[in-house]
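Below: protein_33.cif (mmCIF, N, CA, C and O atoms)
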data_input
#
loop_
_atom_site.label_atom_id
_atom_site.label_comp_id
_atom_site.auth_asym_id
_atom_site.auth_seq_id
_atom_site.Cartn_x
_atom_site.Cartn_y
_atom_site.Cartn_z
N MET A 1 13.61 26.45 -3.25
CA MET A 1 13.25 26.71 -4.60
C MET A 1 11.77 27.07 -4.63
O MET A 1 10.94 26.40 -4.01
N ALA A 2 11.43 28.10 -5.34
CA ALA A 2 10.03 28.49 -5.49
C ALA A 2 9.57 28.14 -6.89
O ALA A 2 10.28 28.36 -7.87
N PHE A 3 8.40 27.56 -6.98
CA PHE A 3 7.82 27.22 -8.27
C PHE A 3 6.36 27.61 -8.24
O PHE A 3 5.63 27.26 -7.31
N GLU A 4 5.93 28.36 -9.24
CA GLU A 4 4.53 28.78 -9.30
C GLU A 4 3.82 27.98 -10.37
O GLU A 4 4.21 27.97 -11.53
N LEU A 5 2.79 27.26 -9.96
CA LEU A 5 2.00 26.48 -10.89
C LEU A 5 1.20 27.45 -11.74
O LEU A 5 0.53 28.35 -11.20
N PRO A 6 1.27 27.32 -13.07
CA PRO A 6 0.50 28.24 -13.92
C PRO A 6 -0.98 28.20 -13.52
O PRO A 6 -1.55 27.14 -13.28
N ASP A 7 -1.57 29.36 -13.41
CA ASP A 7 -2.95 29.46 -12.95
C ASP A 7 -3.90 29.11 -14.08
O ASP A 7 -4.13 29.90 -14.99
N VAL A 8 -4.42 27.90 -14.00
CA VAL A 8 -5.39 27.46 -15.01
C VAL A 8 -6.63 26.92 -14.32
O VAL A 8 -7.28 26.01 -14.80
N GLN A 9 -6.95 27.49 -13.17
CA GLN A 9 -8.16 27.14 -12.43
C GLN A 9 -8.18 25.67 -12.02
O GLN A 9 -9.13 24.94 -12.28
N HIS A 10 -7.10 25.21 -11.40
CA HIS A 10 -7.09 23.85 -10.86
C HIS A 10 -8.15 23.76 -9.77
O HIS A 10 -8.31 24.68 -8.98
N ALA A 11 -8.85 22.66 -9.74
CA ALA A 11 -9.88 22.46 -8.72
C ALA A 11 -9.57 21.21 -7.92
O ALA A 11 -9.45 20.13 -8.49
N PHE A 12 -9.42 21.36 -6.63
CA PHE A 12 -9.24 20.24 -5.73
C PHE A 12 -10.49 20.18 -4.87
O PHE A 12 -10.72 21.02 -4.02
N LEU A 13 -11.31 19.20 -5.13
CA LEU A 13 -12.57 19.09 -4.42
C LEU A 13 -12.35 18.65 -2.99
O LEU A 13 -11.33 18.04 -2.65
N LYS A 14 -13.32 18.94 -2.14
CA LYS A 14 -13.24 18.59 -0.73
C LYS A 14 -12.97 17.10 -0.58
O LYS A 14 -13.62 16.27 -1.22
N GLY A 15 -11.98 16.77 0.23
CA GLY A 15 -11.62 15.38 0.47
C GLY A 15 -10.59 14.83 -0.50
O GLY A 15 -10.02 13.77 -0.27
N HIS A 16 -10.32 15.53 -1.58
CA HIS A 16 -9.31 15.06 -2.52
C HIS A 16 -7.92 15.40 -2.00
O HIS A 16 -7.73 16.33 -1.24
N ARG A 17 -6.94 14.62 -2.42
CA ARG A 17 -5.56 14.86 -2.03
C ARG A 17 -4.74 15.08 -3.29
O ARG A 17 -5.12 14.66 -4.37
N ILE A 18 -3.63 15.76 -3.15
CA ILE A 18 -2.72 15.94 -4.27
C ILE A 18 -1.41 15.22 -3.97
O ILE A 18 -1.10 14.96 -2.81
N MET A 19 -0.67 14.89 -5.02
CA MET A 19 0.64 14.27 -4.86
C MET A 19 1.67 15.20 -5.50
O MET A 19 1.44 15.74 -6.59
N VAL A 20 2.76 15.41 -4.82
CA VAL A 20 3.84 16.24 -5.34
C VAL A 20 4.97 15.31 -5.77
O VAL A 20 5.42 14.47 -4.99
N GLN A 21 5.41 15.43 -7.01
CA GLN A 21 6.52 14.66 -7.52
C GLN A 21 7.69 15.58 -7.76
O GLN A 21 7.53 16.65 -8.34
N VAL A 22 8.87 15.16 -7.34
CA VAL A 22 10.09 15.92 -7.57
C VAL A 22 10.94 15.10 -8.53
O VAL A 22 11.22 13.93 -8.28
N GLN A 23 11.29 15.69 -9.65
CA GLN A 23 12.09 14.97 -10.64
C GLN A 23 13.04 15.93 -11.33
O GLN A 23 12.86 17.14 -11.29
N SER A 24 14.06 15.39 -11.94
CA SER A 24 15.08 16.23 -12.58
C SER A 24 14.96 16.19 -14.10
O SER A 24 15.87 16.57 -14.80
N SER A 25 13.84 15.73 -14.60
CA SER A 25 13.64 15.63 -16.03
C SER A 25 12.17 15.74 -16.34
O SER A 25 11.33 15.42 -15.51
N TRP A 26 11.84 16.18 -17.54
CA TRP A 26 10.45 16.20 -17.97
C TRP A 26 10.17 15.05 -18.92
O TRP A 26 9.20 15.04 -19.64
N PHE A 27 11.05 14.04 -18.93
CA PHE A 27 10.86 12.89 -19.79
C PHE A 27 9.57 12.17 -19.38
O PHE A 27 9.31 12.02 -18.20
N PRO A 28 8.72 11.77 -20.27
CA PRO A 28 8.86 11.74 -21.73
C PRO A 28 8.33 12.97 -22.44
O PRO A 28 8.27 13.00 -23.66
N LEU A 29 7.93 14.00 -21.67
CA LEU A 29 7.38 15.20 -22.32
C LEU A 29 8.43 16.01 -23.05
O LEU A 29 8.16 16.62 -24.07
N PHE A 30 9.65 16.05 -22.52
CA PHE A 30 10.67 16.88 -23.13
C PHE A 30 11.88 16.05 -23.55
O PHE A 30 12.04 15.74 -24.71
N ASP A 31 12.72 15.67 -22.65
CA ASP A 31 13.92 14.92 -23.00
C ASP A 31 14.47 14.26 -21.74
O ASP A 31 14.23 14.72 -20.64
N ARG A 32 15.20 13.19 -21.92
CA ARG A 32 15.84 12.53 -20.78
C ARG A 32 16.98 13.40 -20.26
O ARG A 32 17.59 14.16 -21.00
N ASN A 33 17.28 13.26 -18.98
CA ASN A 33 18.35 14.03 -18.36
C ASN A 33 19.45 13.04 -17.96
O ASN A 33 19.23 12.20 -17.10
N PRO A 34 20.65 13.13 -18.56
CA PRO A 34 21.71 12.18 -18.20
C PRO A 34 22.29 12.42 -16.80
O PRO A 34 23.09 11.64 -16.34
N GLN A 35 21.90 13.49 -16.13
CA GLN A 35 22.36 13.82 -14.78
C GLN A 35 23.83 14.21 -14.74
O GLN A 35 24.47 14.14 -13.70
N LYS A 36 24.39 14.57 -15.87
CA LYS A 36 25.74 15.14 -15.91
C LYS A 36 25.84 16.04 -17.13
O LYS A 36 25.02 15.95 -18.04
N PHE A 37 26.83 16.90 -17.13
CA PHE A 37 26.98 17.85 -18.22
C PHE A 37 27.53 17.14 -19.46
O PHE A 37 28.63 16.60 -19.44
N CYS A 38 26.72 17.11 -20.50
CA CYS A 38 27.15 16.54 -21.78
C CYS A 38 26.14 16.97 -22.84
O CYS A 38 25.09 17.53 -22.53
N ASP A 39 26.46 16.70 -24.09
CA ASP A 39 25.53 16.97 -25.19
C ASP A 39 24.46 15.88 -25.18
O ASP A 39 24.73 14.73 -25.53
N ILE A 40 23.26 16.22 -24.75
CA ILE A 40 22.19 15.23 -24.60
C ILE A 40 21.91 14.51 -25.91
O ILE A 40 21.70 13.31 -25.94
N ARG A 41 21.95 15.25 -27.03
CA ARG A 41 21.64 14.63 -28.32
C ARG A 41 22.68 13.59 -28.73
O ARG A 41 22.39 12.68 -29.49
N ALA A 42 23.90 13.71 -28.22
CA ALA A 42 24.97 12.77 -28.57
C ALA A 42 25.26 11.78 -27.44
O ALA A 42 26.18 10.99 -27.54
N ALA A 43 24.45 11.82 -26.38
CA ALA A 43 24.72 10.97 -25.21
C ALA A 43 24.45 9.50 -25.52
O ALA A 43 23.48 9.15 -26.18
N ASP A 44 25.36 8.65 -25.07
CA ASP A 44 25.18 7.20 -25.16
C ASP A 44 24.60 6.70 -23.85
O ASP A 44 24.57 7.42 -22.85
N GLU A 45 24.17 5.45 -23.84
CA GLU A 45 23.58 4.87 -22.62
C GLU A 45 24.53 4.97 -21.43
O GLU A 45 24.08 5.20 -20.31
N GLN A 46 25.84 4.82 -21.64
CA GLN A 46 26.78 4.88 -20.51
C GLN A 46 26.93 6.30 -19.96
O GLN A 46 27.47 6.48 -18.88
N ASP A 47 26.45 7.31 -20.69
CA ASP A 47 26.50 8.69 -20.19
C ASP A 47 25.42 8.96 -19.14
O ASP A 47 25.53 9.91 -18.37
N PHE A 48 24.39 8.13 -19.12
CA PHE A 48 23.29 8.34 -18.19
C PHE A 48 23.61 7.70 -16.85
O PHE A 48 24.12 6.59 -16.78
N GLN A 49 23.36 8.43 -15.78
CA GLN A 49 23.64 7.92 -14.45
C GLN A 49 22.45 8.18 -13.53
O GLN A 49 21.66 9.09 -13.77
N LYS A 50 22.33 7.39 -12.52
CA LYS A 50 21.23 7.50 -11.57
C LYS A 50 21.37 8.79 -10.75
O LYS A 50 22.47 9.17 -10.38
N ALA A 51 20.26 9.42 -10.48
CA ALA A 51 20.26 10.63 -9.65
C ALA A 51 19.49 10.35 -8.38
O ALA A 51 18.50 9.63 -8.38
N THR A 52 19.94 10.92 -7.29
CA THR A 52 19.22 10.85 -6.03
C THR A 52 18.79 12.27 -5.67
O THR A 52 19.63 13.16 -5.55
N LEU A 53 17.50 12.47 -5.55
CA LEU A 53 16.96 13.78 -5.20
C LEU A 53 16.52 13.75 -3.75
O LEU A 53 15.85 12.82 -3.31
N ARG A 54 16.90 14.76 -3.00
CA ARG A 54 16.54 14.83 -1.58
C ARG A 54 15.90 16.18 -1.29
O ARG A 54 16.33 17.21 -1.80
N LEU A 55 14.91 16.15 -0.45
CA LEU A 55 14.29 17.37 0.04
C LEU A 55 14.62 17.47 1.52
O LEU A 55 14.37 16.54 2.28
N TYR A 56 15.19 18.59 1.91
CA TYR A 56 15.55 18.81 3.31
C TYR A 56 14.61 19.83 3.91
O TYR A 56 14.22 20.80 3.26
N ARG A 57 14.28 19.62 5.14
CA ARG A 57 13.38 20.53 5.83
C ARG A 57 13.84 20.66 7.27
O ARG A 57 14.13 19.67 7.94
N ASN A 58 13.93 21.90 7.74
CA ASN A 58 14.23 22.16 9.15
C ASN A 58 13.65 23.51 9.52
O ASN A 58 12.99 24.16 8.70
N ARG A 59 13.87 23.94 10.73
CA ARG A 59 13.28 25.23 11.16
C ARG A 59 13.78 26.40 10.31
O ARG A 59 13.04 27.34 10.05
N GLU A 60 15.03 26.35 9.92
CA GLU A 60 15.59 27.46 9.13
C GLU A 60 15.10 27.44 7.69
O GLU A 60 14.91 28.48 7.08
N TYR A 61 14.90 26.24 7.14
CA TYR A 61 14.47 26.09 5.75
C TYR A 61 13.23 25.21 5.67
O TYR A 61 13.29 24.05 5.28
N PRO A 62 12.08 25.75 6.08
CA PRO A 62 10.87 24.94 6.06
C PRO A 62 10.37 24.73 4.61
O PRO A 62 10.61 25.56 3.74
N SER A 63 9.73 23.61 4.40
CA SER A 63 9.10 23.32 3.11
C SER A 63 7.61 23.51 3.25
O SER A 63 7.02 23.21 4.29
N ASN A 64 6.98 24.00 2.21
CA ASN A 64 5.54 24.16 2.26
C ASN A 64 4.98 24.28 0.86
O ASN A 64 5.70 24.49 -0.11
N ILE A 65 3.70 24.12 0.77
CA ILE A 65 2.96 24.34 -0.47
C ILE A 65 1.85 25.32 -0.13
O ILE A 65 1.12 25.12 0.84
N GLU A 66 1.76 26.38 -0.90
CA GLU A 66 0.74 27.39 -0.65
C GLU A 66 -0.28 27.37 -1.77
O GLU A 66 0.08 27.26 -2.96
N PHE A 67 -1.55 27.46 -1.40
CA PHE A 67 -2.63 27.50 -2.37
C PHE A 67 -3.45 28.76 -2.16
O PHE A 67 -3.67 29.19 -1.03
N ARG A 68 -3.92 29.30 -3.25
CA ARG A 68 -4.93 30.36 -3.16
C ARG A 68 -6.28 29.66 -3.19
O ARG A 68 -6.52 28.80 -4.02
N VAL A 69 -7.15 30.02 -2.29
CA VAL A 69 -8.47 29.41 -2.23
C VAL A 69 -9.49 30.46 -2.62
O VAL A 69 -9.53 31.55 -2.04
N LEU A 70 -10.31 30.11 -3.60
CA LEU A 70 -11.36 31.01 -4.04
C LEU A 70 -12.64 30.73 -3.27
O LEU A 70 -13.00 29.58 -3.04
N ALA A 71 -13.32 31.79 -2.91
CA ALA A 71 -14.63 31.63 -2.29
C ALA A 71 -15.60 31.14 -3.36
O ALA A 71 -15.43 31.40 -4.55
N LYS A 72 -16.64 30.39 -2.94
CA LYS A 72 -17.60 29.87 -3.93
C LYS A 72 -18.18 30.99 -4.78
O LYS A 72 -18.47 30.80 -5.95
N SER A 73 -18.34 32.16 -4.18
CA SER A 73 -18.93 33.28 -4.93
C SER A 73 -18.03 33.72 -6.08
O SER A 73 -18.49 34.35 -7.03
N GLN A 74 -16.73 33.40 -6.02
CA GLN A 74 -15.79 33.76 -7.08
C GLN A 74 -15.69 32.69 -8.16
O GLN A 74 -15.07 32.91 -9.18
N MET A 75 -16.28 31.52 -7.93
CA MET A 75 -16.13 30.40 -8.85
C MET A 75 -17.28 30.36 -9.85
O MET A 75 -18.38 30.81 -9.57
N THR A 76 -16.98 29.78 -11.02
CA THR A 76 -18.02 29.60 -12.02
C THR A 76 -18.85 28.39 -11.65
O THR A 76 -18.48 27.58 -10.80
N VAL A 77 -19.98 28.21 -12.31
CA VAL A 77 -20.85 27.06 -12.05
C VAL A 77 -20.10 25.77 -12.32
O VAL A 77 -20.19 24.80 -11.56
N GLU A 78 -19.28 25.71 -13.40
CA GLU A 78 -18.51 24.50 -13.73
C GLU A 78 -17.51 24.20 -12.63
O GLU A 78 -17.30 23.05 -12.28
N GLU A 79 -16.86 25.21 -12.09
CA GLU A 79 -15.86 25.00 -11.04
C GLU A 79 -16.51 24.51 -9.74
O GLU A 79 -15.91 23.75 -9.00
N ARG A 80 -17.76 24.94 -9.50
CA ARG A 80 -18.47 24.50 -8.29
C ARG A 80 -19.03 23.09 -8.47
O ARG A 80 -19.44 22.47 -7.51
N GLY A 81 -19.03 22.59 -9.69
CA GLY A 81 -19.54 21.25 -9.95
C GLY A 81 -21.05 21.18 -9.93
O GLY A 81 -21.63 20.15 -9.61
N GLN A 82 -21.71 22.27 -10.28
CA GLN A 82 -23.17 22.29 -10.28
C GLN A 82 -23.71 22.24 -11.68
O GLN A 82 -23.12 22.57 -12.63
#

What's the structure tokens form of this structure?
Amino acid sequence: MAFELPDVQHAFLKGHRIMVQVQSSWFPLFDRNPQKFCDIRAADEQDFQKATLRLYRNREYPSNIEFRVLAKSQMTVEERGQ
């Protein structure tokens, strides 16, 4: 699956790390996901079931994260932290 992070000038400073979360819902930002096909607005508690998400990686299907790196000359003063 390919996902492109909207370009809003994210800055990861030297030495900082990022965390990647994989989830099947945008709750609480959007709505809960019952993990099965049903009318979410009419779903009862028993309609919701646990989901197990797995990421597989092998030589044929490698996983990766790609970043575009801007040279300091391309960055604004605020982005450089000066």

Box centre and edge lengths (Å, one decimal), axis-aligned, stretch 11-21 of chain A plus 5 Å each side, as AutoDock Vina command-line options:
--center_x -3.0 --center_y 18.2 --center_z -4.6 --size_x 31.3 --size_y 18.9 --size_z 20.2

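Each of A:Lys50, A:Asp39, A:Glu60, A:Ile65 was checked against A:Phe3 using only C-alpha atoms; the smallest atom-to-atom distance is that of A:Ile65.
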
If we count only C-alpha atoms and set the cut-off at 9 Å, which residues sit around A:Ser24, ignoring sequence neighbours fewer than 5 positions away in its own chain? Please answer as a compact mmCIF listing (two decimals) with N, CA, C and O atoms, in the coordinates of the input.
# COMPACT_ATOMS: atom_id res chain seq x y z
N ASN A 33 17.28 13.26 -18.98
CA ASN A 33 18.35 14.03 -18.36
C ASN A 33 19.45 13.04 -17.96
O ASN A 33 19.23 12.20 -17.10
N GLN A 35 21.90 13.49 -16.13
CA GLN A 35 22.36 13.82 -14.78
C GLN A 35 23.83 14.21 -14.74
O GLN A 35 24.47 14.14 -13.70
N ALA A 51 20.26 9.42 -10.48
CA ALA A 51 20.26 10.63 -9.65
C ALA A 51 19.49 10.35 -8.38
O ALA A 51 18.50 9.63 -8.38
N LEU A 53 17.50 12.47 -5.55
CA LEU A 53 16.96 13.78 -5.20
C LEU A 53 16.52 13.75 -3.75
O LEU A 53 15.85 12.82 -3.31

Once the PyMOL selection byres ((chain A and resi 34) around 5) has been evaluated on this model, what residues remain selected, and can you format them as a PyMOL selection string?
chain A and resi 32-33+35-36+47-49

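With the shown file loaded, the PyMOL selection byres (((chain A and resi 64 and name CA) around 12) and name CA) picks out Met1, Ala2, Phe3, Val20, Leu55, Tyr56, Arg57, Asn58, Arg59, Tyr61, Pro62, Ser63, Ile65, Glu66 and Phe67 of chain A.
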
Report, in Å with one decimal, the straight-line distance from atom C of A:Ala43 to atom CA of A:Gln21.
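According to the coordinates, atom C of A:Ala43 and atom CA of A:Gln21 are separated by 25.9 Å.
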
Work out how far apart atom N of A:Ala71 and atom C of A:Lys14 are and give it in Å to one decimal.
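According to the coordinates, atom N of A:Ala71 and atom C of A:Lys14 are separated by 14.9 Å.
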